[in-house]
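Coordinates as given in entry08.txt (compact mmCIF, N, CA and C atoms):
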# COMPACT_ATOMS: atom_id res chain seq x y z
N HIS A 1 108.21 85.97 108.24
CA HIS A 1 107.97 87.33 107.82
C HIS A 1 109.30 88.03 107.61
N LEU A 2 109.36 88.81 106.56
CA LEU A 2 110.59 89.50 106.21
C LEU A 2 110.67 90.85 106.91
N THR A 3 111.88 91.22 107.26
CA THR A 3 112.10 92.56 107.77
C THR A 3 112.09 93.51 106.57
N PRO A 4 111.92 94.80 106.80
CA PRO A 4 111.97 95.74 105.67
C PRO A 4 113.27 95.62 104.87
N GLU A 5 114.37 95.32 105.55
CA GLU A 5 115.67 95.19 104.86
C GLU A 5 115.75 93.94 103.99
N GLN A 6 114.97 92.92 104.29
CA GLN A 6 115.00 91.67 103.53
C GLN A 6 114.08 91.69 102.32
N VAL A 7 113.16 92.63 102.25
CA VAL A 7 112.15 92.63 101.21
C VAL A 7 112.75 92.84 99.82
N ASP A 8 113.57 93.87 99.65
CA ASP A 8 114.11 94.16 98.31
C ASP A 8 114.93 93.00 97.74
N PRO A 9 115.87 92.41 98.49
CA PRO A 9 116.61 91.27 97.93
C PRO A 9 115.69 90.09 97.59
N ALA A 10 114.70 89.84 98.41
CA ALA A 10 113.80 88.71 98.15
C ALA A 10 112.98 88.95 96.88
N LEU A 11 112.45 90.16 96.71
CA LEU A 11 111.68 90.45 95.51
C LEU A 11 112.57 90.48 94.27
N ALA A 12 113.78 91.00 94.40
CA ALA A 12 114.70 91.01 93.26
C ALA A 12 114.97 89.58 92.78
N GLU A 13 115.13 88.66 93.73
CA GLU A 13 115.36 87.26 93.36
C GLU A 13 114.11 86.64 92.73
N ALA A 14 112.95 86.96 93.26
CA ALA A 14 111.70 86.44 92.67
C ALA A 14 111.54 86.92 91.24
N VAL A 15 111.83 88.18 91.00
CA VAL A 15 111.73 88.72 89.64
C VAL A 15 112.78 88.07 88.74
N ARG A 16 113.98 87.89 89.25
CA ARG A 16 115.07 87.30 88.45
C ARG A 16 114.71 85.91 87.95
N VAL A 17 114.09 85.10 88.78
CA VAL A 17 113.81 83.71 88.40
C VAL A 17 112.45 83.55 87.69
N THR A 18 111.72 84.63 87.53
CA THR A 18 110.44 84.57 86.83
C THR A 18 110.67 84.76 85.33
N ARG A 19 110.09 83.87 84.54
CA ARG A 19 110.28 83.96 83.09
C ARG A 19 109.59 85.21 82.55
N PRO A 20 110.02 85.73 81.40
CA PRO A 20 109.33 86.87 80.81
C PRO A 20 107.84 86.53 80.62
N ASP A 21 107.01 87.47 80.92
CA ASP A 21 105.56 87.36 80.89
C ASP A 21 105.01 86.52 82.04
N GLY A 22 105.87 86.05 82.92
CA GLY A 22 105.42 85.34 84.12
C GLY A 22 104.98 86.33 85.19
N ALA A 23 104.34 85.81 86.20
CA ALA A 23 103.80 86.67 87.25
C ALA A 23 104.47 86.42 88.59
N VAL A 24 104.60 87.48 89.36
CA VAL A 24 105.03 87.40 90.75
C VAL A 24 103.81 87.82 91.57
N VAL A 25 103.42 86.98 92.51
CA VAL A 25 102.26 87.26 93.34
C VAL A 25 102.70 87.21 94.80
N CYS A 26 102.27 88.22 95.55
CA CYS A 26 102.60 88.30 96.97
C CYS A 26 101.30 88.52 97.76
N VAL A 27 101.28 88.00 98.96
CA VAL A 27 100.15 88.21 99.87
C VAL A 27 100.74 88.53 101.24
N ASP A 28 100.22 89.59 101.85
CA ASP A 28 100.68 89.89 103.19
C ASP A 28 99.62 90.70 103.92
N SER A 29 99.80 90.79 105.22
CA SER A 29 98.84 91.48 106.08
C SER A 29 99.23 92.93 106.29
N ASP A 30 98.21 93.71 106.65
CA ASP A 30 98.42 95.09 107.09
C ASP A 30 97.83 95.17 108.49
N TRP A 31 98.70 94.98 109.47
CA TRP A 31 98.23 94.90 110.86
C TRP A 31 97.67 96.20 111.39
N ALA A 32 97.91 97.32 110.69
CA ALA A 32 97.29 98.58 111.13
C ALA A 32 95.77 98.51 110.97
N THR A 33 95.29 97.59 110.15
CA THR A 33 93.84 97.47 109.92
C THR A 33 93.17 96.50 110.90
N PHE A 34 93.94 95.84 111.73
CA PHE A 34 93.37 94.89 112.69
C PHE A 34 92.51 95.64 113.70
N SER A 35 91.28 95.22 113.85
CA SER A 35 90.40 95.87 114.81
C SER A 35 89.47 94.84 115.43
N VAL A 36 89.12 95.10 116.68
CA VAL A 36 88.25 94.22 117.45
C VAL A 36 87.03 95.02 117.87
N ASP A 37 85.85 94.49 117.59
CA ASP A 37 84.61 95.13 118.03
C ASP A 37 84.43 94.86 119.51
N THR A 38 84.52 95.90 120.30
CA THR A 38 84.42 95.77 121.74
C THR A 38 83.77 97.01 122.34
N THR A 39 83.29 96.88 123.53
CA THR A 39 82.74 98.04 124.24
C THR A 39 83.84 98.87 124.90
N GLU A 40 85.08 98.48 124.69
CA GLU A 40 86.24 99.18 125.26
C GLU A 40 87.19 99.63 124.13
N PRO A 41 86.73 100.54 123.26
CA PRO A 41 87.58 100.92 122.11
C PRO A 41 88.89 101.58 122.50
N GLU A 42 88.92 102.33 123.60
CA GLU A 42 90.16 102.98 124.00
C GLU A 42 91.20 101.94 124.43
N LEU A 43 90.76 100.92 125.15
CA LEU A 43 91.68 99.85 125.53
C LEU A 43 92.10 99.04 124.31
N GLU A 44 91.17 98.84 123.40
CA GLU A 44 91.48 98.09 122.16
C GLU A 44 92.56 98.81 121.37
N ARG A 45 92.49 100.13 121.28
CA ARG A 45 93.50 100.89 120.54
C ARG A 45 94.85 100.86 121.24
N ARG A 46 94.87 100.88 122.55
CA ARG A 46 96.16 100.76 123.26
C ARG A 46 96.77 99.39 123.02
N LEU A 47 95.95 98.36 123.09
CA LEU A 47 96.45 97.01 122.79
C LEU A 47 96.90 96.91 121.34
N HIS A 48 96.19 97.56 120.46
CA HIS A 48 96.54 97.55 119.04
C HIS A 48 97.95 98.10 118.84
N ALA A 49 98.28 99.20 119.50
CA ALA A 49 99.62 99.79 119.37
C ALA A 49 100.70 98.81 119.82
N VAL A 50 100.45 98.12 120.92
CA VAL A 50 101.41 97.12 121.39
C VAL A 50 101.50 95.98 120.39
N HIS A 51 100.35 95.56 119.86
CA HIS A 51 100.32 94.46 118.90
C HIS A 51 101.15 94.79 117.66
N LEU A 52 101.06 96.01 117.16
CA LEU A 52 101.86 96.41 116.00
C LEU A 52 103.35 96.25 116.26
N SER A 53 103.78 96.55 117.46
CA SER A 53 105.21 96.48 117.78
C SER A 53 105.74 95.05 117.81
N ARG A 54 104.86 94.07 117.77
CA ARG A 54 105.28 92.67 117.84
C ARG A 54 105.70 92.11 116.47
N PHE A 55 105.49 92.88 115.39
CA PHE A 55 105.78 92.41 114.04
C PHE A 55 107.00 93.09 113.47
N ARG A 56 107.72 92.35 112.63
CA ARG A 56 108.90 92.91 111.98
C ARG A 56 108.52 94.02 111.01
N ASN A 57 107.43 93.84 110.30
CA ASN A 57 107.01 94.79 109.28
C ASN A 57 105.48 94.80 109.26
N PRO A 58 104.84 95.45 110.23
CA PRO A 58 103.39 95.33 110.37
C PRO A 58 102.58 95.94 109.24
N PHE A 59 103.18 96.80 108.43
CA PHE A 59 102.45 97.49 107.37
C PHE A 59 102.78 96.95 105.98
N SER A 60 103.41 95.81 105.89
CA SER A 60 103.92 95.33 104.61
C SER A 60 102.83 95.11 103.56
N GLY A 61 101.65 94.70 103.95
CA GLY A 61 100.61 94.44 102.96
C GLY A 61 100.31 95.63 102.08
N ARG A 62 100.26 96.82 102.67
CA ARG A 62 99.91 98.01 101.90
C ARG A 62 101.00 98.43 100.92
N THR A 63 102.22 97.92 101.08
CA THR A 63 103.34 98.35 100.23
C THR A 63 103.59 97.42 99.04
N LEU A 64 102.88 96.32 98.96
CA LEU A 64 103.22 95.29 97.97
C LEU A 64 103.16 95.79 96.52
N GLY A 65 102.11 96.51 96.15
CA GLY A 65 102.01 97.00 94.77
C GLY A 65 103.16 97.90 94.40
N ARG A 66 103.48 98.83 95.30
CA ARG A 66 104.61 99.75 95.06
C ARG A 66 105.92 98.99 94.94
N LEU A 67 106.11 97.97 95.78
CA LEU A 67 107.35 97.19 95.72
C LEU A 67 107.47 96.42 94.40
N LEU A 68 106.38 95.85 93.94
CA LEU A 68 106.42 95.14 92.66
C LEU A 68 106.76 96.09 91.52
N GLN A 69 106.17 97.27 91.55
CA GLN A 69 106.47 98.28 90.53
C GLN A 69 107.94 98.69 90.60
N HIS A 70 108.44 98.90 91.81
CA HIS A 70 109.84 99.29 92.01
C HIS A 70 110.79 98.26 91.41
N HIS A 71 110.40 97.00 91.41
CA HIS A 71 111.25 95.94 90.88
C HIS A 71 110.99 95.66 89.40
N GLY A 72 110.36 96.61 88.72
CA GLY A 72 110.25 96.54 87.26
C GLY A 72 109.10 95.72 86.72
N LEU A 73 108.19 95.29 87.57
CA LEU A 73 107.05 94.53 87.07
C LEU A 73 105.99 95.48 86.53
N GLY A 74 105.21 94.97 85.59
CA GLY A 74 104.14 95.77 85.01
C GLY A 74 102.79 95.10 85.24
N PHE A 75 101.74 95.75 84.74
CA PHE A 75 100.37 95.25 84.87
C PHE A 75 100.07 94.86 86.33
N ILE A 76 100.41 95.75 87.22
CA ILE A 76 100.28 95.45 88.65
C ILE A 76 98.83 95.59 89.09
N ALA A 77 98.40 94.61 89.84
CA ALA A 77 97.05 94.64 90.42
C ALA A 77 97.18 94.34 91.91
N THR A 78 96.44 95.10 92.70
CA THR A 78 96.40 94.83 94.13
C THR A 78 94.95 94.70 94.55
N GLU A 79 94.73 93.85 95.52
CA GLU A 79 93.38 93.69 96.04
C GLU A 79 93.43 93.48 97.56
N PRO A 80 92.86 94.41 98.30
CA PRO A 80 92.75 94.20 99.74
C PRO A 80 91.57 93.28 100.03
N VAL A 81 91.76 92.39 100.97
CA VAL A 81 90.72 91.43 101.35
C VAL A 81 90.53 91.49 102.86
N ALA A 82 89.32 91.81 103.28
CA ALA A 82 89.03 91.82 104.72
C ALA A 82 88.85 90.39 105.20
N VAL A 83 89.59 90.02 106.21
CA VAL A 83 89.52 88.68 106.78
C VAL A 83 88.77 88.77 108.10
N PRO A 84 87.57 88.16 108.16
CA PRO A 84 86.83 88.17 109.42
C PRO A 84 87.45 87.21 110.42
N LEU A 85 87.42 87.59 111.69
CA LEU A 85 88.00 86.75 112.74
C LEU A 85 86.95 86.47 113.80
N LEU A 86 86.88 85.22 114.20
CA LEU A 86 85.99 84.84 115.28
C LEU A 86 86.60 85.24 116.61
N ALA A 87 85.78 85.27 117.64
CA ALA A 87 86.24 85.69 118.97
C ALA A 87 87.46 84.89 119.43
N ALA A 88 87.42 83.58 119.26
CA ALA A 88 88.54 82.75 119.72
C ALA A 88 89.83 83.11 118.98
N SER A 89 89.74 83.38 117.69
CA SER A 89 90.93 83.76 116.91
C SER A 89 91.49 85.08 117.39
N ALA A 90 90.60 86.06 117.61
CA ALA A 90 91.05 87.36 118.09
C ALA A 90 91.70 87.23 119.46
N GLU A 91 91.12 86.43 120.32
CA GLU A 91 91.69 86.24 121.66
C GLU A 91 93.06 85.57 121.58
N ASN A 92 93.19 84.57 120.71
CA ASN A 92 94.49 83.91 120.55
C ASN A 92 95.55 84.87 120.03
N LEU A 93 95.16 85.71 119.07
CA LEU A 93 96.11 86.68 118.52
C LEU A 93 96.55 87.69 119.57
N LEU A 94 95.63 88.10 120.43
CA LEU A 94 95.92 89.17 121.38
C LEU A 94 96.45 88.69 122.73
N GLY A 95 96.40 87.40 122.99
CA GLY A 95 96.87 86.91 124.29
C GLY A 95 98.28 87.36 124.63
N PRO A 96 99.26 87.12 123.77
CA PRO A 96 100.62 87.58 124.08
C PRO A 96 100.72 89.10 124.18
N THR A 97 99.92 89.79 123.38
CA THR A 97 99.91 91.26 123.41
C THR A 97 99.38 91.76 124.75
N GLU A 98 98.33 91.13 125.25
CA GLU A 98 97.77 91.51 126.55
C GLU A 98 98.81 91.35 127.65
N ARG A 99 99.51 90.22 127.62
CA ARG A 99 100.55 89.99 128.64
C ARG A 99 101.63 91.06 128.56
N GLU A 100 102.08 91.35 127.35
CA GLU A 100 103.12 92.37 127.18
C GLU A 100 102.63 93.73 127.64
N ALA A 101 101.39 94.08 127.31
CA ALA A 101 100.83 95.38 127.71
C ALA A 101 100.75 95.52 129.22
N THR A 102 100.38 94.46 129.91
CA THR A 102 100.30 94.54 131.37
C THR A 102 101.71 94.56 131.99
N GLU A 103 102.63 93.78 131.43
CA GLU A 103 104.00 93.77 131.94
C GLU A 103 104.66 95.13 131.76
N ARG A 104 104.36 95.82 130.66
CA ARG A 104 104.97 97.12 130.38
C ARG A 104 104.21 98.27 131.02
N GLY A 105 103.11 97.98 131.71
CA GLY A 105 102.34 99.03 132.37
C GLY A 105 101.45 99.84 131.43
N ILE A 106 101.25 99.34 130.23
CA ILE A 106 100.38 100.03 129.27
C ILE A 106 98.91 99.82 129.64
N LEU A 107 98.63 98.66 130.22
CA LEU A 107 97.32 98.38 130.81
C LEU A 107 97.52 98.07 132.28
N THR A 108 96.70 98.67 133.12
CA THR A 108 96.72 98.30 134.54
C THR A 108 95.98 96.97 134.68
N ASP A 109 96.11 96.35 135.83
CA ASP A 109 95.38 95.10 136.07
C ASP A 109 93.87 95.33 135.97
N ALA A 110 93.39 96.45 136.49
CA ALA A 110 91.96 96.76 136.43
C ALA A 110 91.51 96.95 134.98
N GLU A 111 92.33 97.61 134.16
CA GLU A 111 91.98 97.79 132.75
C GLU A 111 91.99 96.46 132.02
N TRP A 112 92.97 95.63 132.33
CA TRP A 112 93.04 94.32 131.69
C TRP A 112 91.79 93.51 132.04
N GLN A 113 91.34 93.57 133.28
CA GLN A 113 90.12 92.85 133.68
C GLN A 113 88.89 93.40 132.94
N ARG A 114 88.82 94.73 132.79
CA ARG A 114 87.73 95.33 132.02
C ARG A 114 87.76 94.83 130.58
N TRP A 115 88.97 94.78 130.01
CA TRP A 115 89.14 94.31 128.64
C TRP A 115 88.66 92.86 128.51
N ARG A 116 89.08 92.00 129.42
CA ARG A 116 88.70 90.59 129.36
C ARG A 116 87.18 90.44 129.49
N ARG A 117 86.55 91.24 130.35
CA ARG A 117 85.08 91.19 130.46
C ARG A 117 84.42 91.60 129.14
N ALA A 118 84.95 92.66 128.52
CA ALA A 118 84.39 93.13 127.24
C ALA A 118 84.54 92.07 126.16
N VAL A 119 85.67 91.39 126.13
CA VAL A 119 85.89 90.33 125.14
C VAL A 119 84.95 89.15 125.42
N ALA A 120 84.80 88.80 126.67
CA ALA A 120 83.90 87.69 127.03
C ALA A 120 82.46 88.02 126.64
N GLU A 121 82.05 89.27 126.81
CA GLU A 121 80.69 89.67 126.42
C GLU A 121 80.48 89.52 124.93
N ARG A 122 81.52 89.81 124.14
CA ARG A 122 81.41 89.71 122.68
C ARG A 122 81.19 88.27 122.22
N ARG A 123 81.64 87.30 123.00
CA ARG A 123 81.43 85.90 122.64
C ARG A 123 79.95 85.54 122.62
N LEU A 124 79.11 86.35 123.29
CA LEU A 124 77.68 86.06 123.36
C LEU A 124 76.92 86.60 122.15
N GLY A 125 77.55 87.42 121.35
CA GLY A 125 76.90 88.03 120.19
C GLY A 125 77.25 87.30 118.90
N PRO A 126 77.14 88.03 117.78
CA PRO A 126 77.51 87.45 116.48
C PRO A 126 78.95 86.92 116.53
N PRO A 127 79.22 85.87 115.76
CA PRO A 127 80.53 85.20 115.88
C PRO A 127 81.73 86.03 115.41
N VAL A 128 81.56 86.89 114.41
CA VAL A 128 82.69 87.67 113.92
C VAL A 128 82.87 88.90 114.80
N VAL A 129 84.03 89.02 115.41
CA VAL A 129 84.28 90.13 116.33
C VAL A 129 85.47 91.00 115.93
N ALA A 130 86.22 90.57 114.92
CA ALA A 130 87.42 91.32 114.53
C ALA A 130 87.66 91.14 113.04
N GLN A 131 88.56 91.97 112.53
CA GLN A 131 88.94 91.82 111.14
C GLN A 131 90.36 92.30 110.93
N LEU A 132 90.93 91.83 109.84
CA LEU A 132 92.28 92.18 109.44
C LEU A 132 92.29 92.22 107.92
N THR A 133 93.00 93.17 107.34
CA THR A 133 93.09 93.25 105.89
C THR A 133 94.36 92.56 105.41
N MET A 134 94.17 91.66 104.47
CA MET A 134 95.29 91.04 103.75
C MET A 134 95.30 91.67 102.36
N THR A 135 96.47 91.87 101.79
CA THR A 135 96.58 92.42 100.45
C THR A 135 97.22 91.40 99.53
N ILE A 136 96.59 91.21 98.39
CA ILE A 136 97.13 90.35 97.33
C ILE A 136 97.65 91.30 96.25
N ALA A 137 98.88 91.12 95.83
CA ALA A 137 99.45 91.96 94.78
C ALA A 137 100.11 91.06 93.74
N ALA A 138 99.88 91.40 92.48
CA ALA A 138 100.47 90.63 91.38
C ALA A 138 101.05 91.58 90.36
N GLY A 139 102.15 91.18 89.77
CA GLY A 139 102.78 91.96 88.71
C GLY A 139 103.37 91.02 87.68
N ARG A 140 103.42 91.45 86.45
CA ARG A 140 103.92 90.61 85.36
C ARG A 140 105.31 91.09 84.96
N ARG A 141 106.19 90.12 84.77
CA ARG A 141 107.55 90.45 84.30
C ARG A 141 107.45 90.75 82.81
N LEU A 142 107.88 91.93 82.43
CA LEU A 142 107.78 92.37 81.02
C LEU A 142 108.96 91.93 80.22
Show me the file's structure as C-alpha cells.
Amino acid sequence: HLTPEQVDPALAEAVRVTRPDGAVVCVDSDWATFSVDTTEPELERRLHAVHLSRFRNPFSGRTLGRLLQHHGLGFIATEPVAVPLLAASAENLLGPTEREATERGILTDAEWQRWRRAVAERRLGPPVVAQLTMTIAAGRRL
C-alpha cells in the first residue's frame, strides 16, 4: 500500500508509460466504509477508529477518480463495490486491532469480552457479517 506521498509519483509513472488512448486502472479500499454487524455498535465504532489508524492511507479508494483526473487522464469512470465479509474474515481482520485497542486502553478487558461474545453470536446467524467498499477507477490517456 502506498503512502499519500507515494501516490502522485506512482500515478505519474503509470500515466507516462501508458500509450495514448491506453487506460490506467486502479483498485483500492476505503476502510472508512468497513463495518461489522454486531449487537455492540459502540464498541464496533471504537475498534473501527483504531483499525483506520493501522493503514498508511485508509481512505485511498475514494480518491482514485480525482487522482486520475489530476494526472491528466480523461473519460474517468469510478465504481464502488461492496465486498461482503464472512465472520471468520472479519475476525481475522480485526484480531490485531482488538489487541492494539486493549493494549492502548481503548477497550477495557470487560468490553473486549463483550465484543468477543457479540462476534461469536453473529457466527450463528447469516454468514455475511461485515462489508468493505473497494473502488475501481479507470481513466484513458488522451
Which residue of A:Ala10, A:Thr97, A:Leu124, A:Ala137 approaches Val50 of chain A most closely, using all atoms listed in the file =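 For Val50 of chain A, the nearest of the candidates is A:Thr97.
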Could you go through chain A and tell me which residues DSSP, when run on the backbone, assigns to strand (DSSP E), listing them as a PyMOL selection string?
chain A and resi 23-36+73-86+128-141
Listed atoms of segment 16-23 of chain A, axis-aligned box, 8 Å per side: centre and edge lengths to one decimal in Å, as JSON?
{"center_x": 109.4, "center_y": 85.7, "center_z": 84.9, "size_x": 27.3, "size_y": 20.3, "size_z": 24.6}
- prompt: Which is closest to Arg62 of chain A among A:Glu42, A:Glu91, A:Glu79, A:Asp30, if we use only N, CA and C atoms?
  reply: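 Smallest distance to Arg62 of chain A is found for A:Asp30.
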| request: From segment 20-139 of chain A, collect each residue whose DSSP state is alpha helix (DSSP H) and return the set as a VMD selection string. | output: chain A and resid 41 to 52 60 to 70 87 to 103 109 to 122
